[in-house]
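Novice: JSON, C-alpha atoms, saved as input-v2.json, coming up:
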```json
[["chain", "number", "residue", "atom", "x", "y", "z"],
["A", 886, "MET", "CA", 23.07, -15.48, 2.80],
["A", 887, "SER", "CA", 26.48, -13.87, 2.47],
["A", 888, "GLY", "CA", 27.43, -11.13, 4.90],
["A", 889, "ARG", "CA", 28.50, -9.09, 1.89],
["A", 890, "ASP", "CA", 25.10, -9.19, 0.23],
["A", 891, "PRO", "CA", 23.04, -5.98, 0.42],
["A", 892, "GLU", "CA", 19.77, -5.97, 2.27],
["A", 893, "PHE", "CA", 17.88, -4.76, -0.81],
["A", 894, "ALA", "CA", 18.65, -5.09, -4.50],
["A", 895, "ILE", "CA", 16.36, -3.11, -6.81],
["A", 896, "LEU", "CA", 16.07, -4.28, -10.39],
["A", 897, "GLY", "CA", 15.05, -1.23, -12.39],
["A", 898, "ALA", "CA", 15.95, 2.40, -11.76],
["A", 899, "GLY", "CA", 12.87, 4.06, -13.19],
["A", 900, "ALA", "CA", 10.55, 6.22, -11.12],
["A", 901, "LEU", "CA", 9.31, 3.67, -8.59],
["A", 902, "GLY", "CA", 12.64, 1.86, -8.16],
["A", 903, "SER", "CA", 14.38, 5.19, -7.65],
["A", 904, "ILE", "CA", 11.81, 6.40, -5.12],
["A", 905, "ILE", "CA", 12.00, 3.22, -3.05],
["A", 906, "GLY", "CA", 15.78, 2.97, -3.33],
["A", 907, "ALA", "CA", 16.41, 6.58, -2.35],
["A", 908, "HIS", "CA", 14.14, 6.38, 0.68],
["A", 909, "LEU", "CA", 15.71, 3.11, 1.85],
["A", 910, "VAL", "CA", 19.22, 4.56, 1.55],
["A", 911, "ARG", "CA", 18.18, 7.71, 3.41],
["A", 912, "SER", "CA", 16.85, 5.56, 6.26],
["A", 913, "GLY", "CA", 20.18, 3.75, 6.57],
["A", 914, "ARG", "CA", 19.45, 0.52, 4.68],
["A", 915, "SER", "CA", 21.99, -1.13, 2.37],
["A", 916, "VAL", "CA", 20.77, -0.92, -1.22],
["A", 917, "LEU", "CA", 22.16, -1.97, -4.59],
["A", 918, "MET", "CA", 20.58, -0.64, -7.79],
["A", 919, "LEU", "CA", 20.69, -2.96, -10.81],
["A", 920, "ALA", "CA", 20.57, -0.66, -13.80],
["A", 921, "ARG", "CA", 22.25, 0.00, -17.12],
["A", 922, "GLY", "CA", 22.83, 2.57, -19.83],
["A", 923, "PRO", "CA", 22.61, 6.33, -19.37],
["A", 924, "ARG", "CA", 20.35, 5.99, -16.33],
["A", 925, "ALA", "CA", 22.95, 3.91, -14.48],
["A", 926, "LEU", "CA", 25.71, 6.38, -15.34],
["A", 927, "LEU", "CA", 23.63, 9.33, -14.13],
["A", 928, "ILE", "CA", 22.90, 7.61, -10.79],
["A", 929, "GLU", "CA", 26.59, 6.77, -10.35],
["A", 930, "GLN", "CA", 27.50, 10.41, -10.92],
["A", 931, "GLN", "CA", 24.64, 12.23, -9.16],
["A", 932, "GLY", "CA", 22.88, 9.68, -6.97],
["A", 933, "LEU", "CA", 19.12, 9.24, -6.80],
["A", 934, "ARG", "CA", 17.49, 12.69, -6.84],
["A", 935, "ILE", "CA", 13.91, 12.95, -5.62],
["A", 936, "LYS", "CA", 11.61, 15.97, -5.79],
["A", 937, "GLY", "CA", 7.90, 16.60, -5.34],
["A", 938, "LEU", "CA", 6.43, 14.96, -2.23],
["A", 939, "ALA", "CA", 9.99, 14.64, -0.89],
["A", 940, "GLU", "CA", 13.12, 16.51, -1.94],
["A", 941, "PHE", "CA", 16.53, 14.94, -1.32],
["A", 942, "SER", "CA", 19.40, 13.10, -2.99],
["A", 943, "ALA", "CA", 20.89, 9.75, -2.01],
["A", 944, "ALA", "CA", 24.17, 8.23, -3.16],
["A", 945, "VAL", "CA", 23.73, 4.53, -3.94],
["A", 946, "PRO", "CA", 25.94, 1.83, -5.51],
["A", 947, "VAL", "CA", 24.95, 0.74, -9.01],
["A", 948, "LEU", "CA", 25.69, -2.59, -10.69],
["A", 949, "THR", "CA", 25.51, -2.47, -14.49],
["A", 950, "ASP", "CA", 26.62, -6.08, -15.11],
["A", 951, "ALA", "CA", 23.70, -8.20, -13.90],
["A", 952, "GLY", "CA", 25.79, -11.33, -14.38],
["A", 953, "ALA", "CA", 28.07, -10.12, -11.56],
["A", 954, "PHE", "CA", 25.18, -9.88, -9.08],
["A", 955, "LYS", "CA", 25.77, -12.30, -6.20],
["A", 956, "GLY", "CA", 22.64, -11.89, -4.12],
["A", 957, "ALA", "CA", 20.55, -9.87, -1.68],
["A", 958, "GLN", "CA", 18.21, -10.51, 1.18],
["A", 959, "TYR", "CA", 15.33, -8.97, -0.77],
["A", 960, "LEU", "CA", 15.08, -8.44, -4.53],
["A", 961, "LEU", "CA", 12.55, -5.78, -5.57],
["A", 962, "VAL", "CA", 11.64, -5.75, -9.26],
["A", 963, "THR", "CA", 10.45, -2.47, -10.78],
["A", 964, "THR", "CA", 11.42, -2.90, -14.45],
["A", 965, "LYS", "CA", 8.89, -2.65, -17.27],
["A", 966, "THR", "CA", 7.06, -5.93, -17.88],
["A", 967, "TYR", "CA", 8.37, -6.36, -21.45],
["A", 968, "GLY", "CA", 11.94, -6.58, -20.14],
["A", 969, "MET", "CA", 11.25, -9.00, -17.28],
["A", 970, "GLU", "CA", 12.37, -12.29, -18.82],
["A", 971, "ALA", "CA", 15.64, -10.90, -20.15],
["A", 972, "ALA", "CA", 16.31, -8.99, -16.92],
["A", 973, "LEU", "CA", 15.85, -12.07, -14.73],
["A", 974, "ALA", "CA", 17.93, -14.46, -16.86],
["A", 975, "PRO", "CA", 21.38, -13.43, -15.51],
["A", 976, "LEU", "CA", 20.09, -13.35, -11.91],
["A", 977, "ARG", "CA", 18.99, -16.98, -11.63],
["A", 978, "HIS", "CA", 22.28, -17.99, -10.00],
["A", 979, "ALA", "CA", 22.06, -15.32, -7.27],
["A", 980, "ARG", "CA", 21.35, -15.81, -3.57],
["A", 981, "ILE", "CA", 17.86, -14.39, -3.00],
["A", 982, "GLY", "CA", 16.01, -14.50, 0.30],
["A", 983, "ALA", "CA", 12.72, -13.24, -1.14],
["A", 984, "ALA", "CA", 11.76, -11.72, -4.49],
["A", 985, "LEU", "CA", 8.79, -9.47, -5.18],
["A", 986, "SER", "CA", 7.67, -7.43, -8.16],
["A", 987, "PHE", "CA", 5.83, -4.11, -8.18],
["A", 988, "GLN", "CA", 5.26, -4.37, -11.93],
["A", 989, "ASN", "CA", 1.91, -3.96, -13.61],
["A", 990, "GLY", "CA", -0.08, -6.97, -14.73],
["A", 991, "LEU", "CA", -0.51, -10.51, -13.47],
["A", 992, "MET", "CA", 2.34, -12.40, -15.15],
["A", 993, "LYS", "CA", 5.14, -11.19, -12.89],
["A", 994, "ASN", "CA", 4.81, -13.71, -10.05],
["A", 995, "GLU", "CA", 4.92, -16.64, -12.47],
["A", 996, "GLN", "CA", 8.15, -15.27, -13.93],
["A", 997, "LEU", "CA", 9.72, -14.79, -10.49],
["A", 998, "ALA", "CA", 8.74, -18.33, -9.47],
["A", 999, "ALA", "CA", 10.34, -19.73, -12.63],
["A", 1000, "ALA", "CA", 13.58, -17.86, -11.85],
["A", 1001, "PHE", "CA", 13.95, -18.37, -8.09],
["A", 1002, "GLY", "CA", 11.38, -20.97, -7.02],
["A", 1003, "PRO", "CA", 7.84, -20.30, -5.76],
["A", 1004, "GLU", "CA", 8.91, -20.51, -2.11],
["A", 1005, "ARG", "CA", 10.94, -17.30, -2.52],
["A", 1006, "VAL", "CA", 8.20, -15.26, -4.18],
["A", 1007, "LEU", "CA", 5.96, -12.69, -2.52],
["A", 1008, "GLY", "CA", 3.07, -10.87, -4.14],
["A", 1009, "ALA", "CA", 3.29, -7.08, -4.34],
["A", 1010, "LEU", "CA", 1.64, -4.08, -5.92],
["A", 1011, "ALA", "CA", 2.17, -0.34, -6.10],
["A", 1012, "ASN", "CA", -0.46, 2.37, -5.91],
["A", 1013, "THR", "CA", 2.26, 5.01, -5.83],
["A", 1014, "SER", "CA", 3.39, 7.25, -8.66],
["A", 1015, "GLY", "CA", 6.37, 9.16, -9.95],
["A", 1016, "GLU", "CA", 8.02, 10.24, -13.17],
["A", 1017, "VAL", "CA", 11.64, 10.40, -14.30],
["A", 1018, "LEU", "CA", 12.21, 13.92, -15.58],
["A", 1019, "PRO", "CA", 14.55, 14.83, -18.47],
["A", 1020, "SER", "CA", 17.00, 16.16, -15.87],
["A", 1021, "GLY", "CA", 17.25, 12.69, -14.32],
["A", 1022, "GLU", "CA", 15.40, 13.79, -11.20],
["A", 1023, "VAL", "CA", 12.38, 11.74, -10.15],
["A", 1024, "LEU", "CA", 9.15, 13.60, -9.49],
["A", 1025, "PHE", "CA", 7.37, 11.83, -6.59],
["A", 1026, "THR", "CA", 3.66, 12.57, -7.21],
["A", 1027, "ARG", "CA", 1.59, 10.06, -5.20],
["A", 1028, "ASN", "CA", 2.45, 8.22, -1.99],
["A", 1029, "GLU", "CA", -0.67, 6.11, -1.53],
["A", 1030, "GLN", "CA", 0.32, 2.51, -0.81],
["A", 1031, "LEU", "CA", 2.64, -0.38, -1.59],
["A", 1032, "CYS", "CA", 1.30, -3.79, -0.57],
["A", 1033, "VAL", "CA", 3.27, -6.97, 0.13],
["A", 1034, "GLY", "CA", 1.89, -10.41, 0.94],
["A", 1035, "GLU", "CA", 2.18, -14.16, 0.64],
["A", 1036, "PRO", "CA", 0.55, -15.69, -2.45],
["A", 1037, "ASP", "CA", -1.19, -18.28, -0.26],
["A", 1038, "GLY", "CA", -2.94, -15.58, 1.78],
["A", 1039, "SER", "CA", -1.02, -16.12, 5.00],
["A", 1040, "MET", "CA", 0.51, -13.27, 7.02],
["A", 1041, "SER", "CA", 4.23, -14.06, 7.22],
["A", 1042, "THR", "CA", 7.11, -12.61, 9.20],
["A", 1043, "ARG", "CA", 9.06, -11.83, 6.02],
["A", 1044, "ALA", "CA", 6.19, -9.90, 4.42],
["A", 1045, "GLN", "CA", 5.73, -7.89, 7.60],
["A", 1046, "ALA", "CA", 9.48, -7.24, 7.85],
["A", 1047, "ILE", "CA", 9.74, -5.91, 4.28],
["A", 1048, "ALA", "CA", 6.64, -3.74, 4.68],
["A", 1049, "THR", "CA", 7.84, -2.32, 7.99],
["A", 1050, "ILE", "CA", 11.24, -1.39, 6.57],
["A", 1051, "ILE", "CA", 9.92, 0.32, 3.44],
["A", 1052, "ASP", "CA", 7.12, 2.07, 5.31],
["A", 1053, "GLY", "CA", 9.60, 3.28, 7.90],
["A", 1054, "SER", "CA", 11.70, 4.81, 5.15],
["A", 1055, "GLY", "CA", 8.84, 7.08, 4.08],
["A", 1056, "VAL", "CA", 7.13, 5.16, 1.25],
["A", 1057, "ARG", "CA", 3.78, 3.97, 2.58],
["A", 1058, "THR", "CA", 3.70, 0.18, 2.65],
["A", 1059, "SER", "CA", 1.57, -2.51, 4.29],
["A", 1060, "ALA", "CA", 1.73, -6.28, 4.66],
["A", 1061, "VAL", "CA", -1.62, -7.77, 3.64],
["A", 1062, "PRO", "CA", -3.19, -11.24, 3.73],
["A", 1063, "ASN", "CA", -5.18, -10.84, 0.49],
["A", 1064, "ILE", "CA", -2.46, -9.89, -1.97],
["A", 1065, "GLU", "CA", -3.88, -11.96, -4.85],
["A", 1066, "SER", "CA", -7.20, -10.14, -4.58],
["A", 1067, "LEU", "CA", -5.45, -6.77, -4.45],
["A", 1068, "GLU", "CA", -3.19, -7.59, -7.42],
["A", 1069, "TRP", "CA", -6.22, -8.52, -9.53],
["A", 1070, "SER", "CA", -8.12, -5.46, -8.31],
["A", 1071, "LYS", "CA", -5.26, -3.19, -9.27],
["A", 1072, "PHE", "CA", -5.00, -4.80, -12.69],
["A", 1073, "SER", "CA", -8.74, -4.42, -13.27],
["A", 1074, "ALA", "CA", -8.35, -0.67, -12.73],
["A", 1075, "TRP", "CA", -4.93, -0.32, -14.38],
["A", 1076, "ALA", "CA", -5.97, -2.01, -17.62],
["A", 1077, "GLY", "CA", -8.71, 0.54, -18.26],
["A", 1078, "LEU", "CA", -6.63, 3.52, -17.17],
["A", 1079, "MET", "CA", -3.73, 2.37, -19.33],
["A", 1080, "VAL", "CA", -5.89, 2.10, -22.46],
["A", 1081, "LEU", "CA", -7.49, 5.51, -21.92],
["A", 1082, "SER", "CA", -4.11, 7.11, -21.23],
["A", 1083, "ILE", "CA", -2.50, 6.02, -24.50],
["A", 1084, "THR", "CA", -5.57, 6.75, -26.62],
["A", 1085, "THR", "CA", -6.47, 10.19, -25.20],
["A", 1086, "ARG", "CA", -2.88, 11.16, -24.27],
["A", 1087, "ALA", "CA", -4.36, 13.28, -21.50],
["A", 1088, "VAL", "CA", -3.52, 13.65, -17.83],
["A", 1089, "THR", "CA", -5.50, 11.11, -15.83],
["A", 1090, "TRP", "CA", -8.25, 13.29, -14.35],
["A", 1091, "LYS", "CA", -9.32, 14.59, -17.76],
["A", 1092, "TYR", "CA", -10.47, 11.30, -19.24],
["A", 1093, "MET", "CA", -11.89, 10.18, -15.91],
["A", 1094, "CYS", "CA", -14.08, 13.30, -15.90],
["A", 1095, "ASP", "CA", -15.23, 12.92, -19.51],
["A", 1096, "PRO", "CA", -18.59, 11.07, -19.64],
["A", 1097, "ASP", "CA", -17.81, 8.96, -22.72],
["A", 1098, "ALA", "CA", -14.25, 8.12, -21.71],
["A", 1099, "ALA", "CA", -15.47, 7.25, -18.21],
["A", 1100, "LEU", "CA", -18.04, 4.87, -19.71],
["A", 1101, "VAL", "CA", -15.35, 3.05, -21.72],
["A", 1102, "LEU", "CA", -13.19, 2.87, -18.61],
["A", 1103, "ALA", "CA", -16.10, 1.43, -16.61],
["A", 1104, "ARG", "CA", -16.73, -1.22, -19.26],
["A", 1105, "LEU", "CA", -13.07, -2.28, -19.28],
["A", 1106, "VAL", "CA", -12.99, -2.55, -15.50],
["A", 1107, "ARG", "CA", -16.10, -4.70, -15.59],
["A", 1108, "GLU", "CA", -14.71, -7.03, -18.26],
["A", 1109, "VAL", "CA", -11.47, -7.64, -16.37],
["A", 1110, "GLY", "CA", -13.60, -8.10, -13.25],
["A", 1111, "ALA", "CA", -15.48, -10.86, -15.09],
["A", 1112, "LEU", "CA", -12.13, -12.56, -15.80],
["A", 1113, "ALA", "CA", -11.19, -12.37, -12.12],
["A", 1114, "ALA", "CA", -14.55, -13.90, -11.17],
["A", 1115, "ALA", "CA", -14.02, -16.73, -13.67],
["A", 1116, "CYS", "CA", -10.62, -17.38, -12.05],
["A", 1117, "GLY", "CA", -12.25, -17.49, -8.60],
["A", 1118, "VAL", "CA", -10.49, -14.35, -7.34],
["A", 1119, "PRO", "CA", -12.57, -11.95, -5.21],
["A", 1120, "LEU", "CA", -11.97, -8.28, -5.94],
["A", 1121, "SER", "CA", -11.69, -5.29, -3.63],
["A", 1122, "ASP", "CA", -12.28, -1.54, -3.51],
["A", 1123, "GLN", "CA", -8.73, -1.16, -2.12],
["A", 1124, "SER", "CA", -7.26, -0.19, -5.46],
["A", 1125, "MET", "CA", -6.58, 2.69, -7.85],
["A", 1126, "LEU", "CA", -10.34, 2.60, -8.47],
["A", 1127, "PRO", "CA", -13.06, 1.10, -6.22],
["A", 1128, "VAL", "CA", -13.32, -1.97, -8.42],
["A", 1129, "THR", "CA", -15.92, -3.95, -6.48],
["A", 1130, "SER", "CA", -18.24, -0.95, -6.36],
["A", 1131, "LEU", "CA", -17.82, -0.36, -10.09],
["A", 1132, "LEU", "CA", -18.96, -3.92, -10.78],
["A", 1133, "ARG", "CA", -22.24, -3.35, -8.97],
["A", 1134, "GLY", "CA", -25.20, -1.55, -10.49],
["A", 1135, "SER", "CA", -25.36, -0.22, -14.04],
["A", 1136, "GLU", "CA", -22.65, 0.94, -16.42],
["A", 1137, "ALA", "CA", -24.03, 4.46, -16.13],
["A", 1138, "GLU", "CA", -23.64, 4.39, -12.34],
["A", 1139, "ALA", "CA", -20.06, 3.09, -12.68],
["A", 1140, "ALA", "CA", -19.21, 5.83, -15.18],
["A", 1141, "ALA", "CA", -20.67, 8.49, -12.90],
["A", 1142, "ALA", "CA", -18.58, 7.17, -10.00],
["A", 1143, "ILE", "CA", -15.43, 7.37, -12.16],
["A", 1144, "GLN", "CA", -16.27, 10.98, -13.10],
["A", 1145, "SER", "CA", -16.59, 11.85, -9.42],
["A", 1146, "LEU", "CA", -13.20, 10.27, -8.69],
["A", 1147, "GLY", "CA", -11.72, 12.19, -11.61],
["A", 1148, "ALA", "CA", -12.91, 15.46, -10.10],
["A", 1149, "GLN", "CA", -11.15, 14.52, -6.83],
["A", 1150, "LEU", "CA", -7.96, 13.60, -8.69],
["A", 1151, "LYS", "CA", -8.01, 16.96, -10.47],
["A", 1152, "VAL", "CA", -7.62, 18.61, -7.06],
["A", 1153, "LYS", "CA", -5.22, 16.10, -5.47],
["A", 1154, "ALA", "CA", -2.91, 15.25, -8.41],
["A", 1155, "PRO", "CA", -3.72, 17.45, -11.43],
["A", 1156, "GLU", "CA", -0.51, 16.54, -13.29],
["A", 1157, "HIS", "CA", -0.75, 12.79, -12.75],
["A", 1158, "ARG", "CA", -0.05, 10.78, -15.90],
["A", 1159, "MET", "CA", -0.05, 7.01, -16.21],
["A", 1160, "SER", "CA", 3.41, 5.52, -16.75],
["A", 1161, "SER", "CA", 2.10, 4.09, -20.04],
["A", 1162, "LEU", "CA", 1.49, 7.62, -21.32],
["A", 1163, "GLN", "CA", 4.90, 8.76, -20.08],
["A", 1164, "ASP", "CA", 6.49, 5.90, -22.04],
["A", 1165, "LEU", "CA", 4.48, 6.59, -25.19],
["A", 1166, "LEU", "CA", 5.32, 10.29, -25.23],
["A", 1167, "ALA", "CA", 9.00, 9.49, -24.68],
["A", 1168, "ASN", "CA", 8.92, 7.00, -27.60],
["A", 1169, "ARG", "CA", 9.58, 4.07, -25.29],
["A", 1170, "PRO", "CA", 7.77, 0.72, -25.63],
["A", 1171, "ILE", "CA", 4.51, 0.41, -23.72],
["A", 1172, "GLU", "CA", 3.49, -2.55, -21.61],
["A", 1173, "VAL", "CA", 1.07, -4.55, -23.74],
["A", 1174, "GLU", "CA", 1.82, -8.27, -24.08],
["A", 1175, "GLU", "CA", 2.45, -9.12, -20.42],
["A", 1176, "THR", "CA", -0.56, -7.09, -19.25],
["A", 1177, "LEU", "CA", -3.50, -6.73, -21.63],
["A", 1178, "GLY", "CA", -2.23, -9.59, -23.79],
["A", 1179, "TYR", "CA", -1.84, -11.92, -20.82],
["A", 1180, "ALA", "CA", -5.42, -11.23, -19.73],
["A", 1181, "ALA", "CA", -6.85, -11.57, -23.24],
["A", 1182, "ARG", "CA", -5.10, -14.90, -23.79],
["A", 1183, "LYS", "CA", -6.20, -16.19, -20.41],
["A", 1184, "ALA", "CA", -9.83, -15.29, -21.20],
["A", 1185, "ARG", "CA", -9.65, -17.11, -24.53],
["A", 1186, "ARG", "CA", -8.29, -20.25, -22.88],
["A", 1187, "MET", "CA", -11.27, -20.13, -20.52],
["A", 1188, "ASN", "CA", -13.71, -19.54, -23.41],
["A", 1189, "LEU", "CA", -14.68, -16.24, -21.81],
["A", 1190, "SER", "CA", -15.82, -13.53, -24.24],
["A", 1191, "LEU", "CA", -14.33, -10.11, -23.42],
["A", 1192, "PRO", "CA", -14.79, -8.17, -26.68],
["A", 1193, "LEU", "CA", -13.76, -4.73, -25.42],
["A", 1194, "LEU", "CA", -10.60, -6.06, -23.79],
["A", 1195, "ASP", "CA", -9.73, -7.93, -27.01],
["A", 1196, "SER", "CA", -10.26, -4.80, -29.08],
["A", 1197, "CYS", "CA", -8.24, -2.60, -26.70],
["A", 1198, "TYR", "CA", -5.42, -5.15, -26.65],
["A", 1199, "ALA", "CA", -5.30, -5.04, -30.46],
["A", 1200, "LEU", "CA", -5.44, -1.23, -30.45],
["A", 1201, "ALA", "CA", -2.68, -0.92, -27.83],
["A", 1202, "SER", "CA", -0.52, -3.35, -29.81],
["A", 1203, "GLY", "CA", -0.95, -1.22, -32.91],
["A", 1204, "ILE", "CA", -0.15, 1.99, -31.04],
["A", 1205, "ASN", "CA", 2.97, 0.33, -29.63],
["A", 1206, "ARG", "CA", 4.18, -0.66, -33.10],
["A", 1207, "MET", "CA", 3.42, 2.73, -34.65],
["A", 1208, "ARG", "CA", 4.96, 4.90, -31.92]]
```
Show the structure stored in the file as structure tokens.

Specialist:
Amino acid sequence: MSGRDPEFAILGAGALGSIIGAHLVRSGRSVLMLARGPRALLIEQQGLRIKGLAEFSAAVPVLTDAGAFKGAQYLLVTTKTYGMEAALAPLRHARIGAALSFQNGLMKNEQLAAAFGPERVLGALANTSGEVLPSGEVLFTRNEQLCVGEPDGSMSTRAQAIATIIDGSGVRTSAVPNIESLEWSKFSAWAGLMVLSITTRAVTWKYMCDPDAALVLARLVREVGALAAACGVPLSDQSMLPVTSLLRGSEAEAAAAIQSLGAQLKVKAPEHRMSSLQDLLANRPIEVEETLGYAARKARRMNLSLPLLDSCYALASGINRMR
């Protein structure tokens, strides 16, 4: 590693990348934001501006030419999944100590391994929320948990070091030994929430509280759970939704549990909107192929019938084209 390399490079200056980057800078860590376009210019001029659960601004260097990136001890990826391959292409030459992605879906670790080698890849997930406002400020709405871990299930020094640093900056983070299980558990919940968000266009608690929408959500969670079981991955309740519990019992019981969670969310985070809905309403592309599509294709290769997931994948693809 070069002495000139930053400790953290963050690829993607959306809500999550901005929240993590601003907190790391505030805590005294060296951070480089890899961004482009109007967002990069705004950060160069005004810094990262956070409001909501925390209110502060942090000046941070921005690199708009990814081909000029030399390296960093840790590369954190927070871009949208549909831009991952193109975003990583100019970084393959860089010096990277460890790379981890907080993106949605299950394809991200394969893409990181192809770019930097599997030995440099850590698993990661985010159960933390924010939204980039029209002003350029980032509204920090939920500070639940970031998780970091080794794909092989071991508890490593590097995973613990990254988690300790980010957690110490103010964004709750833990090193975990079961990151694969947690990544699949998050995706099982996220897939259903994503579909309901772009079809109802409602804040999250509303469709969770609706009996019919909750039933559809429960069915989607259970189908993705069946895919995880076929892949030999145990699931967990440590997720956006208590996935393991939703797989037990009847669909009606799972839907009722989702409605109860929706009522709690109404109190805790009444304005929470999935990032997929934020993107749709802003006329940005939504994450379909590398998330729902990846799971649907994987199920087909395994001759596993997941009719609702297939239908929702087709519906989300259509919505994405027609937006």

Novice: For Glu1136 (chain A), which of A:Ala972, A:Leu985, A:Leu919, A:Leu1102 is the closest residue, counting only C-alpha atoms?

Specialist: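 Using only C-alpha atoms, Glu1136 (chain A) sits closest to A:Leu1102.
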
Novice: Could you tell me which of A:Ala898, A:Glu1022, A:Ile1051, A:Pro1062 comes closest to Pro1036 (chain A) if we count only C-alpha atoms?

Specialist: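 Checking each candidate against Pro1036 (chain A), we get A:Pro1062 as the closest.
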
Novice: What lies within 10 Å of Ala1141 (chain A) using only C-alpha atoms, ignoring chain neighbours under 6 positions off, as a list in words?

Specialist: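 That gives Met1093, Cys1094, Asp1095, Pro1096, Ala1099, Leu1100, Ala1103, Leu1131, Ser1135 and Gly1147 of chain A.
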
Novice: What is the CA of Ala900 (chain A)-CA of Leu948 (chain A) distance in Å, reported with one decimal?

Specialist: 17.5 Å

Novice: Please compute the CA of Gln1045 (chain A)-CA of Leu1031 (chain A) distance, one decimal, in Å.

Specialist: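 Interatomic distance here is 12.3 Å.
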